[in-house]
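The block underneath contains the structure these notes are about, expressed in structure tokens.
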Amino acid sequence: MGVKDAGVRFVQKVSSTPGFAKVAPHVIPALDRAVHRLTRGKVLLSAQLLPGVILTSTGAKSGVARRTPLACMPEDDGRSWILIGSNFGRPGHPAWTHNLLARPDAEVSWKGRDIPVRARLLEGEERAAAWKAALEFWPPYAAYQARVEREIRLFRIVRR
């Protein structure tokens, strides 16, 4: 077992706790946005553990562009991505999922490039397969789902 593996397991354990769910949503996105802006889109702090994008979606009610740093599961060499609306295992779907349901055309910043995308909510067998992959990718998602009554939304976003 390498140091990196031990570190990842430690972070997974910590991120599965209810305390993390209370603090992380206020700290991690703010740090991600600041570092992303300072590095002109080249670095996303949370992506040091998990791949990540900055999603720019349009507010479902406001119509205003909203930038949200998110962990993602890249597919097909970055031609598509799975986004998991875990909200750190807190009640209620994250706002960005409502935005994508209302207005599926969005943009992601991926490895310093802005890419126009279209989002689609996954359902049925397609969702089940993506959820299984998500649990293998980041096991704490199981703890997040166990804490909430809602089904965590999964989206596939593809280049437009």
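We label chains A, B, ... in the order they appear in the structure tokens, count residues from 1 in each chain, and number ligands from 1 in the order shown.
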Practice item. Can you list, as number ranges by chain, all residues belonging to segment 37-106 of chain A that DSSP tags as strand (DSSP E or B)? Key: A: 52-58, 65-75, 80-85, 105-106
Review point. Which of chain A counts as alpha helix (DSSP H) under DSSP, as a PyMOL selection string please?
Key: chain A and resi 3-15+18-38+95-102+124-137+140-147
Check your understanding: Do you know which residues are at most 9 Å from segment 140-149 of chain A counting only C-alpha atoms, after dropping those on the same chain fewer than 4 positions away, and could you put them as a PyMOL selection string?
Key -> chain A and resi 12-13+15-18+21+84+86-92+131+134-135
Revision key, fill the gap. Shortest contact to Gly78 of chain A, candidates A:Ile115, A:Ala133, A:Ala30, A:Leu154, atoms counted only C-alpha atoms, goes to A:Ile115
Review point. Excluding same-chain residues fewer than 6 positions from Ile54 of chain A, what lies within 7 Å of it counting only C-alpha atoms, as a ChimeraX atom specification?
Key: /A:67-70,108-109
Point to revise | Closest of A:Arg160, A:His98, A:Lys111, A:Arg153 to Gly124 of chain A - atom-to-atom distances counting only C-alpha atoms | key: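 Of all the options, A:Arg153 lies closest to Gly124 of chain A.
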Review point. If you count only C-alpha atoms, which residues fall within 6 Å of Cys72 of chain A, apart from same-chain ones fewer than 3 positions away, as a list in words?
Key: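 Selected residues are Pro51, Gly52, Ile82 and Leu83 of chain A.
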Exercise for review: Please provide the set of residues having any atom within 10 Å of Leu101 of chain A, restricted to only C-alpha atoms, with same-chain residues fewer than 5 positions apart removed, written as a VMD selection string.
Suggested key: chain A and resid 60 96 119 to 121 155
